[in-house]
Amino acid sequence: QVRLVESGGGLVQPGGSLRLSCVASGINFRIHAMHWHRQPPGKERELAASISASGTTDYSDSVKGRFTISRDNIWNRVYLQMNNLKPEDTALYYCVTNFRGREYRGQGTQVSVSS
């Protein structure tokens, strides 16, 4: 059974930093691309960052230069380091992967950026 569990969210002031973590189980983690999606209040879910099995990264324009995605294939974890956070980064952040043609995501971790 594929399971993704996110952690690390919280309330932070503008300009602050947070590091999200996601631990995966039920898949051969090292061969799967991993993604961080986010869903702002009242808006559609959007892709924030991706990392391929080989470590190639990709970012949405809105987070490029501020967020860094990384992975640890020993501990089956993917991280999202978020710096210089802005109020518009407020969202529920999900860890996402695809396995056998189906998308899996965790329960999400809330990030709120406010003064």
# chains A, B, ... in the order shown; residues from 1 in each chain; ligands from 1

call {"tool": "residues_around", "arguments": {"residues": "Arg66 in chain A", "least_positions_apart": "4", "cutoff": "8 Å", "atoms": "only C-alpha atoms", "output": "number ranges by chain"}}
result
A: 82-85

call {"tool": "residues_around", "arguments": {"residues": "Gly26 in chain A", "least_positions_apart": "4", "cutoff": "12 Å", "atoms": "only C-alpha atoms", "output": "ChimeraX atom specification"}}
result
/A:1-5,30,32,76,97-99,104

call {"tool": "closest_residue", "arguments": {"among": "A:Trp36, A:Gly9, A:Asp89, A:Cys22", "to": "Asp72 in chain A", "atoms": "only C-alpha atoms"}}
result
A:Cys22

call {"tool": "select_by_dssp", "arguments": {"residues": "chain A", "states": "strand (DSSP E or B)", "output": "PyMOL selection string"}}
result
chain A and resi 3-7+10-12+18-25+34-39+46-51+57-59+67-72+77-82+91-99+102-105+109-113

call {"tool": "closest_residue", "arguments": {"among": "A:Ala49, A:Ile27, A:Gly55, A:Gly42", "to": "Cys95 in chain A", "atoms": "only C-alpha atoms"}}
result
A:Ala49

call {"tool": "closest_residue", "arguments": {"among": "A:Ser115, A:Asn28, A:Leu11, A:Leu18", "to": "Ile74 in chain A", "atoms": "only C-alpha atoms"}}
result
A:Asn28

call {"tool": "atom_distance", "arguments": {"atom1": "CA of Tyr94 in chain A", "atom2": "CA of Val111 in chain A"}}
result
10.6 Å

call {"tool": "select_by_dssp", "arguments": {"residues": "range 2-93 of chain A", "states": "helix (DSSP H, G or I)", "output": "PyMOL selection string"}}
result
chain A and resi 29-31+87-89

call {"tool": "atom_distance", "arguments": {"atom1": "CA of Thr109 in chain A", "atom2": "CA of Ser54 in chain A"}}
result
25.7 Å

call {"tool": "atom_distance", "arguments": {"atom1": "CA of Ala48 in chain A", "atom2": "CA of Gly10 in chain A"}}
result
17.5 Å

call {"tool": "closest_residue", "arguments": {"among": "A:Ile69, A:Val113, A:Ala24, A:Ala33", "to": "Leu92 in chain A", "atoms": "only C-alpha atoms"}}
result
A:Val113

call {"tool": "closest_residue", "arguments": {"among": "A:Asp61, A:Glu88, A:Arg100, A:Asn73", "to": "Val23 in chain A", "atoms": "only C-alpha atoms"}}
result
A:Asn73

call {"tool": "residues_around", "arguments": {"residues": "Met34 in chain A", "least_positions_apart": "6", "cutoff": "8 Å", "atoms": "only C-alpha atoms", "output": "list in words"}}
result
Ser50, Ile51, Ser52, Ala53, Val78, Cys95, Val96 and Thr97 of chain A

call {"tool": "write_last_selection", "arguments": {"atoms": "C-alpha atoms", "output": "compact mmCIF listing (two decimals), in the first residue's frame"}}
result
# COMPACT_ATOMS: atom_id res chain seq x y z
CA SER A 50 9.32 18.14 -8.90
CA ILE A 51 12.35 15.92 -8.63
CA SER A 52 13.04 13.02 -10.94
CA ALA A 53 14.45 9.67 -9.93
CA VAL A 78 11.52 14.13 -0.17
CA CYS A 95 3.54 15.21 -1.48
CA VAL A 96 2.58 13.41 -4.71
CA THR A 97 3.81 10.46 -6.74

call {"tool": "decode", "arguments": {"residues": "range 6-39 of chain A", "atoms": "N, CA and C atoms", "output": "compact mmCIF listing (two decimals), in the first residue's frame"}}
result
# COMPACT_ATOMS: atom_id res chain seq x y z
N GLU A 6 3.23 13.80 5.03
CA GLU A 6 3.93 15.09 5.06
C GLU A 6 4.02 15.64 6.47
N SER A 7 5.01 16.47 6.69
CA SER A 7 5.15 17.17 7.96
C SER A 7 5.96 18.45 7.72
N GLY A 8 5.97 19.31 8.74
CA GLY A 8 6.82 20.49 8.68
C GLY A 8 6.12 21.81 8.42
N GLY A 9 4.82 21.76 8.17
CA GLY A 9 4.10 23.00 7.94
C GLY A 9 3.94 23.82 9.21
N GLY A 10 3.40 25.02 9.05
CA GLY A 10 3.19 25.87 10.21
C GLY A 10 2.89 27.30 9.80
N LEU A 11 2.89 28.17 10.80
CA LEU A 11 2.66 29.60 10.59
C LEU A 11 4.00 30.32 10.63
N VAL A 12 4.26 31.13 9.63
CA VAL A 12 5.54 31.83 9.54
C VAL A 12 5.29 33.23 9.02
N GLN A 13 6.13 34.16 9.42
CA GLN A 13 6.01 35.53 8.94
C GLN A 13 6.58 35.66 7.53
N PRO A 14 6.12 36.66 6.80
CA PRO A 14 6.70 36.90 5.47
C PRO A 14 8.21 37.05 5.56
N GLY A 15 8.91 36.44 4.61
CA GLY A 15 10.36 36.44 4.62
C GLY A 15 10.98 35.28 5.36
N GLY A 16 10.15 34.52 6.08
CA GLY A 16 10.64 33.39 6.85
C GLY A 16 10.85 32.14 6.00
N SER A 17 11.24 31.07 6.69
CA SER A 17 11.55 29.81 6.02
C SER A 17 10.86 28.65 6.72
N LEU A 18 10.59 27.63 5.95
CA LEU A 18 10.08 26.36 6.47
C LEU A 18 10.68 25.24 5.63
N ARG A 19 10.79 24.07 6.24
CA ARG A 19 11.24 22.88 5.51
C ARG A 19 10.18 21.80 5.66
N LEU A 20 9.59 21.43 4.55
CA LEU A 20 8.61 20.36 4.54
C LEU A 20 9.31 19.03 4.29
N SER A 21 8.75 17.98 4.86
CA SER A 21 9.28 16.64 4.69
C SER A 21 8.14 15.69 4.33
N CYS A 22 8.45 14.71 3.51
CA CYS A 22 7.48 13.68 3.16
C CYS A 22 8.19 12.33 3.18
N VAL A 23 7.62 11.39 3.92
CA VAL A 23 8.18 10.04 3.93
C VAL A 23 7.24 9.13 3.16
N ALA A 24 7.83 8.32 2.29
CA ALA A 24 7.05 7.43 1.42
C ALA A 24 7.27 5.98 1.81
N SER A 25 6.22 5.19 1.66
CA SER A 25 6.31 3.75 1.87
C SER A 25 5.42 3.05 0.86
N GLY A 26 5.70 1.79 0.62
CA GLY A 26 4.88 1.01 -0.31
C GLY A 26 5.31 1.10 -1.76
N ILE A 27 6.38 1.83 -2.03
CA ILE A 27 6.90 1.95 -3.40
C ILE A 27 8.42 1.79 -3.36
N ASN A 28 8.99 1.45 -4.54
CA ASN A 28 10.44 1.48 -4.67
C ASN A 28 10.84 2.93 -4.88
N PHE A 29 11.03 3.63 -3.79
CA PHE A 29 11.12 5.08 -3.80
C PHE A 29 12.13 5.61 -4.80
N ARG A 30 13.29 4.95 -4.88
CA ARG A 30 14.38 5.52 -5.67
C ARG A 30 14.10 5.61 -7.16
N ILE A 31 13.09 4.91 -7.66
CA ILE A 31 12.82 4.94 -9.10
C ILE A 31 11.66 5.85 -9.46
N HIS A 32 11.09 6.50 -8.46
CA HIS A 32 9.91 7.33 -8.70
C HIS A 32 10.21 8.82 -8.64
N ALA A 33 9.68 9.57 -9.60
CA ALA A 33 9.68 11.02 -9.47
C ALA A 33 8.74 11.41 -8.33
N MET A 34 9.10 12.47 -7.64
CA MET A 34 8.29 12.96 -6.53
C MET A 34 7.97 14.42 -6.76
N HIS A 35 6.83 14.83 -6.26
CA HIS A 35 6.35 16.19 -6.51
C HIS A 35 5.79 16.80 -5.23
N TRP A 36 5.89 18.10 -5.16
CA TRP A 36 5.15 18.87 -4.16
C TRP A 36 4.10 19.69 -4.90
N HIS A 37 2.85 19.45 -4.55
CA HIS A 37 1.75 20.26 -5.03
C HIS A 37 1.28 21.14 -3.89
N ARG A 38 0.55 22.20 -4.24
CA ARG A 38 -0.05 23.02 -3.19
C ARG A 38 -1.41 23.52 -3.64
N GLN A 39 -2.29 23.72 -2.66
CA GLN A 39 -3.62 24.22 -2.95
C GLN A 39 -3.91 25.40 -2.06
